[in-house]
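Q: Take this structure first; my questions come after.
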Amino acid sequence: MPSFTVFKGSKEGKPVKATTTKPDELTGDKCLIKITASGLCYTDIHYKTADMALGHEGVGVVEAVGPDVKQLKKGDRIGWGYQHDNCGLCKLCLTGQEVYCPERAMYGYADLDQGSFGSHAVWREAFLFKLPDELTDAEAAPLMCGGATVWSALTSYNTKPTETVGILGVGGLGHLAIQFCAKFGCRVVVLSGSDRKKDEAMRLGAHEFVATKGKDKLEVSQKLDRLLVTTSAQPDWAQLTAIMSPGSTIHPLSVSGGNFTFPYGFLIEQGITVQGSVVAPRQIHKDMLTFAARNGIKPVIQEFPMTEEGIQDAIDKLEKGEVHFRAVLKPQL
Ligand SMILES: NC(=O)c1ccc[n+]([C@@H]2O[C@H](COP(=O)([O-])OP(=O)(O)OC[C@H]3O[C@@H](n4cnc5c(N)ncnc54)[C@H](OP(=O)(O)O)[C@@H]3O)[C@@H](O)[C@H]2O)c1
Ligand SMILES: [Zn+2]
Ligand SMILES: [Zn+2]
């Protein structure tokens with residue numbers, strides 16, 4: 001009987017160790033995974049007070065496979081992300097938009113008994129991704145949500161390499177978006193609260209860097225064709241209109257409550273597209289791993305132990321904006 005450790009949220013917002021027990025036999029295409037690394041995404045912060053297992057940037061090794069598993073075998077290195085299942089039959093599933101399937105099983109509201117903070121998990125083979133050799137377990141973990149999300153926003157909506165693309169917020173998502181956009185051939189403009197992250201943003205591939213705090217009016221040397229918003233809170237949308245080209249696209253990616261409030265006249269008169277996006281369909285996710293491996297794209301990571309204290313420390317640092325640039329939890333051997 002697979003019984004394993006998970007780390008759950010709690011009313012006080014502290015990670016607590018617990019045990020999950022799964023049925024004796026692995027059924028269908030389920031695989032038992034031994035977790036070797038997990039990223040900490042800002043979305044985990046939204047669930048830290050929930051009674052559920054935390055973590056959705058998982059990496060591990062296949063330990064056992066169910067009777068219908070076709071490709072994976074014991075010992076394979078795999079990763080998984082935010083989505084664990086969908087119906088596989090609806091129009092959205094059949095047209096590559098499975099992340100919007102009405103029956104999607106996603107972090108936060110399905111499979112609450114297991115996550116990527118823990119010792120093991122049991123997932124369907126169909127939702128696991130084989131990892132390229134070029135990436136270590138710790139490097140692959142942040143790609144499972146953060147990397148997949150920005151890559152999908154960038155590649156699912158016809159971005160051209162000739163575009164000037166803005167990245168707002170240099171955190172887990174943002175620092176990967178800079179690298180993907182730069183390797184894609186785009187001109188990359190990074191907008192960050194202060195100058196603190198300038199050198200690193202330029203090293204990762206930015207062509208221009210703008211510090212936003214305290215500025216009434218934003219200025220860039222060339223207006224943006226596209227903007228990926230990767231801040232952990234919604235930005236001042238009205239302020240951003242000054243740097244958007246006519247006909248440009250804004251991708252709000254931040255998870256945030258409240259409404260989207262945007263200057264209506266600007267939207268109409270300048271023909272602006274607002275395109276939301278959530279994580280990545282599986283083929284896009286696979287393409288992202290291939291592209292990252294081929295182009296040497298790797299997250300900048302800070303490792304923490306996969307213990308109650310280690311997770312708490314990583315959460316505290318993420319909330320204070322002190323993580324450089326993605327926290328990765330590693331089980332203690
Ligand atoms: N759409 C999706 O599918 C999806 C997937 C994953 C994550 N998300 C969401 O994407 C957002 C970013 O996640 P992340 O893991 O990259 O977070 P993160 O590592 O904390 O990065 C967010 C960045 O936003 C800026 N920031 C911090 N506090 C802020 C505030 N109060 N107001 C405005 N900006 C602030 C900081 O960048 P600077 O210092 O450069 O200003 C920070 O590094 C979160 O809201 C997360 O929930 C969405
Ligand atoms: Zn479906
Ligand atoms: Zn995430």
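In the structure tokens, chains take the letters A, B, ... in the order shown, each chain's residues start at 1, and ligands count up from 1 in the order shown.
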Which residues of segment 65-88 of chain A come within 7 Å of segment 46-61 of chain A, and for each one, what is the closest pair of atoms and their distance in Å to one decimal, counting only C-alpha atoms, sorted by chain and residue number, as a tab-separated table?
A:
residue	atom	partner	partner_atom	distance
A:Gly75	CA	A:Val61	CA	5.6
A:Asp76	CA	A:Val61	CA	5.5
A:Arg77	CA	A:Val61	CA	4.6
A:Ile78	CA	A:Gly60	CA	5.6
A:Gly79	CA	A:Val59	CA	4.2
A:Trp80	CA	A:Gly58	CA	5.2
A:Gly81	CA	A:Glu57	CA	5.1
A:Tyr82	CA	A:His56	CA	5.4
Q: Find the residues around segment 146-158 of chain A up to 6 Å (only C-alpha atoms counted), leave out those fewer than 2 positions away in its own chain, and share them as a list in words.
A: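 Once the adjacent positions are removed, what remains is Pro142, Leu143, Met144, Leu173, Leu176, Ala177, Val279, Ala280 and His285 of chain A.
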Q: Go ahead and write the selection's residues with N, CA and C atoms as a PDB file, in the first residue's frame.
A:
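Once everything was written out, this is part_11.pdb:
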ATOM      1  N   PRO A 142      11.181  24.268 -11.921  1.00  0.00           N
ATOM      2  CA  PRO A 142      10.487  25.541 -12.168  1.00  0.00           C
ATOM      3  C   PRO A 142       9.888  25.662 -13.572  1.00  0.00           C
ATOM      4  N   LEU A 143      10.308  24.775 -14.474  1.00  0.00           N
ATOM      5  CA  LEU A 143       9.736  24.818 -15.827  1.00  0.00           C
ATOM      6  C   LEU A 143       8.345  24.191 -15.861  1.00  0.00           C
ATOM      7  N   MET A 144       8.002  23.401 -14.823  1.00  0.00           N
ATOM      8  CA  MET A 144       6.756  22.636 -14.856  1.00  0.00           C
ATOM      9  C   MET A 144       5.507  23.508 -14.693  1.00  0.00           C
ATOM     10  N   LEU A 173       8.356  33.414 -12.855  1.00  0.00           N
ATOM     11  CA  LEU A 173       7.863  33.413 -14.241  1.00  0.00           C
ATOM     12  C   LEU A 173       8.669  34.380 -15.100  1.00  0.00           C
ATOM     13  N   LEU A 176      12.199  33.541 -16.443  1.00  0.00           N
ATOM     14  CA  LEU A 176      12.175  32.531 -17.508  1.00  0.00           C
ATOM     15  C   LEU A 176      11.625  33.148 -18.792  1.00  0.00           C
ATOM     16  N   ALA A 177      10.634  34.027 -18.647  1.00  0.00           N
ATOM     17  CA  ALA A 177      10.063  34.695 -19.827  1.00  0.00           C
ATOM     18  C   ALA A 177      11.135  35.506 -20.551  1.00  0.00           C
ATOM     19  N   VAL A 279      -1.389  28.172 -17.462  1.00  0.00           N
ATOM     20  CA  VAL A 279      -0.355  27.147 -17.675  1.00  0.00           C
ATOM     21  C   VAL A 279      -0.188  26.767 -19.154  1.00  0.00           C
ATOM     22  N   ALA A 280      -0.126  25.464 -19.477  1.00  0.00           N
ATOM     23  CA  ALA A 280       0.149  25.106 -20.883  1.00  0.00           C
ATOM     24  C   ALA A 280      -0.469  23.761 -21.228  1.00  0.00           C
ATOM     25  N   HIS A 285       3.747  22.262 -23.521  1.00  0.00           N
ATOM     26  CA  HIS A 285       4.658  22.001 -22.394  1.00  0.00           C
ATOM     27  C   HIS A 285       5.866  21.181 -22.879  1.00  0.00           C
TER      28      HIS A 285
END
Q: Which residues of chain A have any atom within 6 Å of an atom in ligand 3 when counting only C-alpha atoms and all ligand atoms, and what is the closest pair of atoms for each, with the distance in Å to one decimal? Order the rows by chain and rising number and write it as a tab-separated table.
A:
residue	atom	partner	partner_atom_place_in_ligand_line	distance
A:Cys41	CA	ligand 3	1 (Zn)	4.6
A:Thr43	CA	ligand 3	1 (Zn)	5.1
A:Cys145	CA	ligand 3	1 (Zn)	4.6
A:Gly146	CA	ligand 3	1 (Zn)	5.6
Q: With N, CA and C atoms retained, could you export that selection as a PDB file, in the first residue's frame?
A:
ATOM      1  N   CYS A  41       5.988  28.008  -6.482  1.00  0.00           N
ATOM      2  CA  CYS A  41       5.409  29.034  -7.365  1.00  0.00           C
ATOM      3  C   CYS A  41       4.585  29.981  -6.508  1.00  0.00           C
ATOM      4  N   THR A  43       1.693  30.877  -6.887  1.00  0.00           N
ATOM      5  CA  THR A  43       0.318  30.368  -6.742  1.00  0.00           C
ATOM      6  C   THR A  43       0.197  29.493  -5.493  1.00  0.00           C
ATOM      7  N   CYS A 145       5.647  24.672 -14.080  1.00  0.00           N
ATOM      8  CA  CYS A 145       4.534  25.635 -14.083  1.00  0.00           C
ATOM      9  C   CYS A 145       5.025  26.983 -14.615  1.00  0.00           C
ATOM     10  N   GLY A 146       5.997  27.575 -13.927  1.00  0.00           N
ATOM     11  CA  GLY A 146       6.474  28.903 -14.329  1.00  0.00           C
ATOM     12  C   GLY A 146       6.909  28.947 -15.787  1.00  0.00           C
TER      13      GLY A 146
END
Q: Could you check how far atom CA of Leu72 of chain A sits from atom CA of Phe291 of chain A, in Å to one decimal?
A: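 Distance between the two atoms: 21.5 Å.
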Q: Please, which residues in chain A fall within 8 Å of ligand 2 when counting only C-alpha atoms and all ligand atoms, and what is the closest atom pair and distance in Å to one decimal for each, ordered by chain then residue number, as a tab-separated table?
A:
residue	atom	partner	partner_atom_place_in_ligand_line	distance
A:Asn86	CA	ligand 2	1 (Zn)	5.3
A:Cys87	CA	ligand 2	1 (Zn)	4.0
A:Gly88	CA	ligand 2	1 (Zn)	4.8
A:Leu89	CA	ligand 2	1 (Zn)	5.2
A:Cys90	CA	ligand 2	1 (Zn)	4.1
A:Lys91	CA	ligand 2	1 (Zn)	6.6
A:Leu92	CA	ligand 2	1 (Zn)	5.6
A:Cys93	CA	ligand 2	1 (Zn)	4.3
A:Leu94	CA	ligand 2	1 (Zn)	7.4
A:Glu98	CA	ligand 2	1 (Zn)	5.9
A:Tyr100	CA	ligand 2	1 (Zn)	7.6
A:Cys101	CA	ligand 2	1 (Zn)	4.0
A:Pro102	CA	ligand 2	1 (Zn)	6.1
A:Glu103	CA	ligand 2	1 (Zn)	5.9
A:Arg104	CA	ligand 2	1 (Zn)	6.7
Q: Give me the segment 150-191 of chain A side of the contact with segment 312-330 of chain A, cut-off 9 Å, one line per residue showing its nearest atom pair and distance in Å at one decimal, counting only C-alpha atoms, sorted by chain and residue number, as a tab-separated table.
A:
residue	atom	partner	partner_atom	distance
A:Val170	CA	A:Phe325	CA	7.8
A:Gly171	CA	A:Phe325	CA	5.4
A:Gly172	CA	A:Arg326	CA	4.9
A:Leu173	CA	A:Arg326	CA	8.5
A:Gly174	CA	A:Phe325	CA	8.9
A:His175	CA	A:Phe325	CA	7.0
Q: Output C-alpha atoms for every residue in the selection just made, as a PDB file, in the first residue's frame.
A:
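part.pdb, freshly written:
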ATOM      1  CA  VAL A 170      11.253  39.601 -12.655  1.00  0.00           C
ATOM      2  CA  GLY A 171      10.350  36.644 -10.459  1.00  0.00           C
ATOM      3  CA  GLY A 172       9.975  32.925 -11.118  1.00  0.00           C
ATOM      4  CA  LEU A 173       7.863  33.413 -14.241  1.00  0.00           C
ATOM      5  CA  GLY A 174       9.454  36.662 -15.375  1.00  0.00           C
ATOM      6  CA  HIS A 175      13.094  35.541 -15.354  1.00  0.00           C
TER       7      HIS A 175
END
Q: Pick from A:Asp236, A:Glu134, A:Asp85, A:Asp29: nearest to ligand 1, with only C-alpha atoms and all ligand atoms counted?
A: A:Asp236
Q: Which one of A:Lys198, A:Arg294, A:Arg203, A:Arg282 sits closest to ligand 1 if you count only C-alpha atoms and all ligand atoms?
A: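 Of A:Lys198, A:Arg294, A:Arg203, A:Arg282, the one nearest ligand 1 is A:Lys198, counting only C-alpha atoms and all ligand atoms.
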Q: Could you name the residues that touch Thr212 of chain A at 9 Å or less, counting only C-alpha atoms, but leaving out those on the same chain fewer than 6 positions away, as a PyMOL selection string?
A: chain A and resi 191-195+218
